[in-house]
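Containing compact mmCIF, C-alpha atoms: my_file_6.txt.
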# COMPACT_ATOMS: atom_id res chain seq x y z
CA MET A 28 22.39 16.59 2.88
CA SER A 29 22.07 14.79 -0.48
CA ARG A 30 18.95 12.93 -1.44
CA SER A 31 18.84 9.17 -1.33
CA VAL A 32 17.22 7.26 -4.21
CA HIS A 33 16.71 3.51 -3.87
CA VAL A 34 16.11 1.80 -7.23
CA PHE A 35 14.94 -1.81 -7.54
CA ARG A 36 14.92 -2.94 -11.18
CA THR A 37 14.41 -6.64 -10.45
CA PRO A 38 13.16 -6.93 -6.86
CA ASP A 39 12.82 -10.37 -5.31
CA ARG A 40 9.86 -8.99 -3.42
CA PHE A 41 7.75 -5.80 -3.23
CA VAL A 42 4.95 -6.03 -0.69
CA ALA A 43 2.64 -4.13 1.61
CA GLY A 44 2.55 -5.21 5.23
CA THR A 45 1.76 -4.01 8.73
CA VAL A 46 3.27 -3.90 12.18
CA GLY A 47 1.00 -3.76 15.24
CA GLN A 48 -2.45 -4.87 16.27
CA PRO A 49 -5.66 -4.05 14.34
CA GLY A 50 -6.65 -0.49 15.10
CA GLU A 51 -3.03 0.44 15.82
CA ARG A 52 -1.34 -0.93 12.70
CA ALA A 53 1.43 0.93 10.91
CA PHE A 54 1.49 0.30 7.15
CA TYR A 55 4.71 -0.25 5.22
CA LEU A 56 5.84 -0.99 1.69
CA GLN A 57 8.98 -3.09 1.51
CA ALA A 58 11.26 -3.77 -1.45
CA VAL A 59 13.72 -6.65 -1.21
CA HIS A 60 16.54 -7.72 -3.51
CA ARG A 61 18.91 -10.34 -2.11
CA SER A 62 20.13 -8.95 1.23
CA ARG A 63 19.05 -5.38 0.46
CA VAL A 64 15.80 -4.36 2.19
CA VAL A 65 14.19 -0.92 2.01
CA SER A 66 10.97 -0.12 3.89
CA VAL A 67 8.85 3.03 3.80
CA LEU A 68 5.99 4.07 6.06
CA LEU A 69 2.67 5.23 4.64
CA GLU A 70 -1.04 5.50 5.37
CA LYS A 71 -3.56 2.69 4.86
CA GLN A 72 -5.40 4.82 2.29
CA GLN A 73 -2.19 5.26 0.30
CA VAL A 74 -1.75 1.48 0.11
CA GLN A 75 -5.34 1.10 -1.06
CA VAL A 76 -5.04 3.82 -3.72
CA LEU A 77 -1.77 2.37 -5.01
CA ALA A 78 -3.25 -1.13 -5.32
CA GLU A 79 -6.34 0.18 -7.13
CA ARG A 80 -4.26 2.34 -9.49
CA ILE A 81 -1.91 -0.54 -10.32
CA ASP A 82 -4.87 -2.74 -11.30
CA ALA A 83 -6.35 0.10 -13.38
CA LEU A 84 -2.99 0.79 -15.06
CA LEU A 85 -2.52 -2.86 -16.01
CA ASP A 86 -6.06 -3.02 -17.44
CA GLU A 87 -5.38 0.14 -19.47
CA VAL A 88 -2.03 -1.19 -20.78
CA LYS A 89 -3.77 -4.37 -21.94
CA ARG A 90 -6.60 -2.43 -23.58
CA ARG A 91 -4.42 0.22 -25.21
CA PHE A 92 -1.35 -1.76 -26.28
CA GLY A 93 -2.61 -5.36 -26.36
CA THR A 94 0.15 -6.34 -23.94
CA GLU A 95 -0.29 -9.74 -22.31
CA ILE A 96 -1.34 -8.93 -18.74
CA PRO A 97 -2.37 -11.49 -16.12
CA PRO A 98 -5.95 -11.03 -14.89
CA ALA A 99 -6.70 -9.68 -11.43
CA THR A 100 -7.06 -12.49 -8.91
CA PRO A 101 -7.70 -12.69 -5.17
CA THR A 102 -5.06 -15.44 -4.92
CA VAL A 103 -1.87 -14.37 -3.16
CA ALA A 104 1.25 -16.53 -3.33
CA ASP A 105 3.43 -14.48 -0.94
CA LEU A 106 1.80 -14.37 2.50
CA SER A 107 5.08 -14.07 4.40
CA PRO A 108 5.42 -11.19 6.88
CA LEU A 109 7.66 -8.20 6.34
CA VAL A 110 11.40 -8.70 6.80
CA MET A 111 12.18 -7.72 10.39
CA PRO A 112 13.20 -5.45 11.90
CA VAL A 113 11.25 -2.88 9.90
CA ASP A 114 13.24 0.34 9.82
CA ALA A 115 11.47 2.93 7.65
CA GLU A 116 13.69 5.03 5.38
CA PHE A 117 11.00 7.73 5.28
CA ARG A 118 7.26 8.44 5.38
CA VAL A 119 5.71 8.51 1.90
CA GLY A 120 4.23 11.80 0.74
CA THR A 121 3.83 11.60 -3.02
CA MET A 122 3.41 8.43 -5.07
CA GLY A 123 3.93 8.05 -8.79
CA LEU A 124 2.92 5.23 -11.11
CA GLY A 125 3.80 4.58 -14.74
CA TRP A 126 4.36 2.03 -17.47
CA ASP A 127 7.81 1.47 -18.96
CA ALA A 128 6.89 0.08 -22.39
CA GLU A 129 10.49 -0.72 -23.28
CA ALA A 130 11.02 -2.86 -20.17
CA GLY A 131 7.40 -4.05 -20.01
CA SER A 132 7.28 -2.97 -16.38
CA VAL A 133 5.08 -1.07 -13.98
CA VAL A 134 7.13 1.67 -12.32
CA VAL A 135 6.20 2.66 -8.76
CA GLU A 136 7.85 5.77 -7.33
CA LEU A 137 7.50 6.66 -3.66
CA LEU A 138 8.73 10.09 -2.53
CA ALA A 139 9.36 11.20 1.02
CA ILE A 140 7.01 13.71 2.57
CA THR A 141 8.35 17.24 2.19
CA GLU A 142 7.64 20.70 3.57
CA THR A 143 6.58 21.89 0.12
CA GLU A 144 4.49 20.08 -2.46
CA LEU A 145 6.21 18.99 -5.66
CA ASP A 146 4.97 20.06 -9.04
CA GLU A 147 3.43 16.84 -10.40
CA SER A 148 4.86 17.53 -13.86
CA VAL A 149 8.42 17.34 -12.53
CA VAL A 150 10.19 14.05 -13.13
CA LEU A 151 13.03 13.51 -10.70
CA ALA A 152 16.19 12.09 -12.21
CA ASP A 153 18.12 9.40 -10.33
CA ASP A 154 21.17 11.61 -10.07
CA ALA A 155 19.42 14.86 -9.07
CA GLU A 156 20.94 16.26 -5.89
CA ASP A 157 17.85 18.15 -4.79
CA GLY A 158 14.45 16.75 -4.01
CA PRO A 159 12.98 14.27 -1.58
CA ASP A 160 14.36 10.81 -0.87
CA ALA A 161 12.76 8.23 -3.13
CA VAL A 162 12.18 4.53 -3.76
CA ARG A 163 11.65 3.47 -7.38
CA VAL A 164 10.55 -0.10 -8.09
CA PHE A 165 10.12 -1.79 -11.48
CA LEU A 166 7.59 -4.66 -11.43
CA THR A 167 6.63 -7.24 -14.02
CA PRO A 168 2.89 -7.27 -14.73
CA SER A 169 2.47 -10.49 -12.71
CA ALA A 170 4.43 -9.04 -9.75
CA ALA A 171 2.31 -5.87 -9.94
CA ARG A 172 -0.93 -7.92 -9.85
CA GLU A 173 0.46 -9.90 -6.92
CA PHE A 174 1.29 -6.65 -5.10
CA ALA A 175 -2.26 -5.34 -5.62
CA SER A 176 -3.87 -8.60 -4.46
CA ARG A 177 -1.72 -8.84 -1.34
CA SER A 178 -2.34 -5.16 -0.55
CA GLU A 179 -6.12 -5.70 -0.65
CA ARG A 180 -5.73 -8.64 1.72
CA VAL A 181 -3.53 -6.61 4.11
CA ILE A 182 -6.04 -3.74 4.13
CA GLY A 183 -8.95 -6.12 4.79
CA ALA A 184 -7.19 -7.82 7.70
CA GLY A 185 -7.88 -4.95 10.10
CA ARG A 186 -10.79 -4.40 12.44
CA PRO A 187 -14.17 -5.73 11.29
CA PRO A 188 -16.71 -3.10 10.23
CA CYS A 189 -19.78 -2.23 12.29
CA PRO A 190 -22.80 -3.84 10.60
CA ILE A 191 -24.80 -0.67 11.19
CA CYS A 192 -22.51 2.23 10.25
CA GLY A 193 -19.56 0.52 8.55
CA ASN A 194 -16.92 2.19 10.74
CA PRO A 195 -14.26 -0.09 12.26
CA LEU A 196 -15.15 -1.87 15.50
CA ASP A 197 -12.79 -1.80 18.45
CA SER A 198 -12.46 -4.82 20.74
CA ASP A 199 -14.57 -2.97 23.35
CA GLY A 200 -17.20 -1.70 20.88
CA HIS A 201 -17.47 1.81 19.42
CA MET A 202 -19.58 4.94 19.31
CA CYS A 203 -21.94 4.13 16.45
CA VAL A 204 -22.94 7.27 14.57
CA ARG A 205 -26.09 5.57 13.27
CA LEU A 206 -27.26 4.93 16.85
CA ASN A 207 -26.87 8.60 17.87
CA GLY A 208 -23.69 7.92 19.80
CA TYR A 209 -24.94 4.93 21.76
CA HIS A 210 -21.87 2.92 22.78
CA ARG A 211 -22.36 -0.62 21.52
CA SER A 212 -20.19 -2.96 23.56
CA ALA A 213 -21.96 -6.28 22.94
CA PRO A 214 -21.55 -8.06 19.61
CA PHE A 215 -24.17 -7.08 17.05
CA GLY A 216 -27.40 -9.00 17.50
CA SER A 217 -26.85 -10.08 21.11
CA GLN A 218 -28.73 -8.55 24.01
CA GLN A 219 -27.52 -7.69 27.45
CA PRO A 220 -29.27 -9.41 30.40
CA GLY A 221 -32.41 -7.55 31.43
CA GLN A 222 -33.10 -6.07 28.00
Show how you would write the structure in this file as structure tokens.
Amino acid sequence: MSRSVHVFRTPDRFVAGTVGQPGERAFYLQAVHRSRVVSVLLEKQQVQVLAERIDALLDEVKRRFGTEIPPATPTVADLSPLVMPVDAEFRVGTMGLGWDAEAGSVVVELLAITETELDESVVLADDAEDGPDAVRVFLTPSAAREFASRSERVIGAGRPPCPICGNPLDSDGHMCVRLNGYHRSAPFGSQQPGQ
């Protein structure tokens, strides 16, 4: 079976989003250009790392090359949900990030999870027959900042953290490690009758 490479040079949209309720959310990245939609499944931590690395890359490009880069901002213009139905092409294993100086674009490459790890020094060509399926997206600096800001918002929209241990709270409480496993079911600060 030949590998499938989806390239988006001028996407209308490249966003992180979720499907499901907090605590059971599945995380996706979705690239859209006109009627073409490609979604990939990944872990929450991968979304967070990608957003952080994009911000760091843009800051480095500005510092090193003097390129005009928009500043990081918590403002997000695109709050629309993912295009439904979400049908993942693959689960992301390896992610790559780079700067195309000629195009003035951030390049995000998402590779499908494989049985064997890829040598990080290998650059996969678009027309290579072997290798994992891939999505390659070229983003303007402003679109890359927007992606990072939205990703941070998506990550933060999950379960609230426990004020004691910082782990996510479930709707029925959780086993707080800081309270030696005591199961806290009442909201923090409230007491049960008879206490």
- CA of Pro168 (chain A) to CA of Ser132 (chain A): how many Å, to one decimal?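 One can read the CA of Pro168 (chain A) to CA of Ser132 (chain A) distance as 6.4 Å.
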- Rounded to one decimal place, report the CA of Ala171 (chain A)-CA of Gly47 (chain A) distance in Å. 25.3 Å
- Starting from the point (3.7, 15.9, 0.1), work out which residues of protein, DNA or RNA have an atom no more than 6 Å away when counting all atoms listed in the file; state them as a list in words.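 These residues have at least one counted atom within 6 Å: Gly120, Thr121, Ile140, Thr141 and Glu144 of chain A.
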Would you mind exporting C-alpha atoms of the selected residues as a PDB file, keeping the file's coordinate frame?
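Below is the file that was written, again_35.pdb:
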ATOM      1  CA  GLY A 120       4.230  11.800   0.740  1.00  0.00           C
ATOM      2  CA  THR A 121       3.830  11.600  -3.020  1.00  0.00           C
ATOM      3  CA  ILE A 140       7.010  13.710   2.570  1.00  0.00           C
ATOM      4  CA  THR A 141       8.350  17.240   2.190  1.00  0.00           C
ATOM      5  CA  GLU A 144       4.490  20.080  -2.460  1.00  0.00           C
TER       6      GLU A 144
END
- Item | Residue with smallest distance to Thr100 (chain A) - pool A:Arg163, A:Lys71, A:Arg36, A:Arg177, counting only C-alpha atoms | A:Arg177
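Shortest separation to Leu137 (chain A) among A:Val110, A:Leu69, A:Val59, A:Leu206 occurs at residue A:Leu69, atoms counted being all atoms listed in the file.
Between CA of Ile96 (chain A) and CA of Ala170 (chain A) lies a distance of 10.7 Å.
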- Query: Between A:Gly131, A:Pro190, A:Gly185, A:Pro108, which one has atoms that come closest to Thr94 (chain A), using only C-alpha atoms?
  - Reply: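 Of the candidates, the smallest distance to Thr94 (chain A) is held by A:Gly131.
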- Residue nearest His33 (chain A) among A:Glu95, A:Glu87, A:Asp160, A:Glu79 (counting all atoms listed in the file):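 Closest candidate: A:Asp160.
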- Task: Would you please work out which residue, of A:Leu138, A:Cys192, A:Leu77, A:Val133, is nearest to Leu166 (chain A) when using only C-alpha atoms?
- Result: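 Residue with the minimum atom-to-atom distance to Leu166 (chain A): A:Val133.
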- Selection near Pro101 (chain A), 9 Å with all atoms listed in the file, sequence-local residues under 4 positions removed, as an NGL selection string: :A and (173 or 176-177 or 179-180)
Closest contacts (region 78-129 of chain A/region 52-58 of chain A, max 9 Å, only C-alpha atoms) as a Markdown table:
| residue | atom | partner | partner_atom | distance |
| --- | --- | --- | --- | --- |
| A:Leu109 | CA | A:Gln57 | CA | 7.2 |
| A:Val110 | CA | A:Gln57 | CA | 8.1 |
| A:Val113 | CA | A:Tyr55 | CA | 8.5 |
| A:Ala115 | CA | A:Tyr55 | CA | 7.9 |
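Between Gly123 (chain A) and the candidates A:Thr37, A:Gln73, A:Ser29, A:Gln48, the tightest atom-to-atom separation, counting all atoms listed in the file, involves A:Gln73.
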- If you count all atoms listed in the file, which residues fall within 7 Å of Glu136 (chain A), apart from same-chain ones fewer than 5 positions away, as a PyMOL selection string? chain A and resi 122-124+161-164
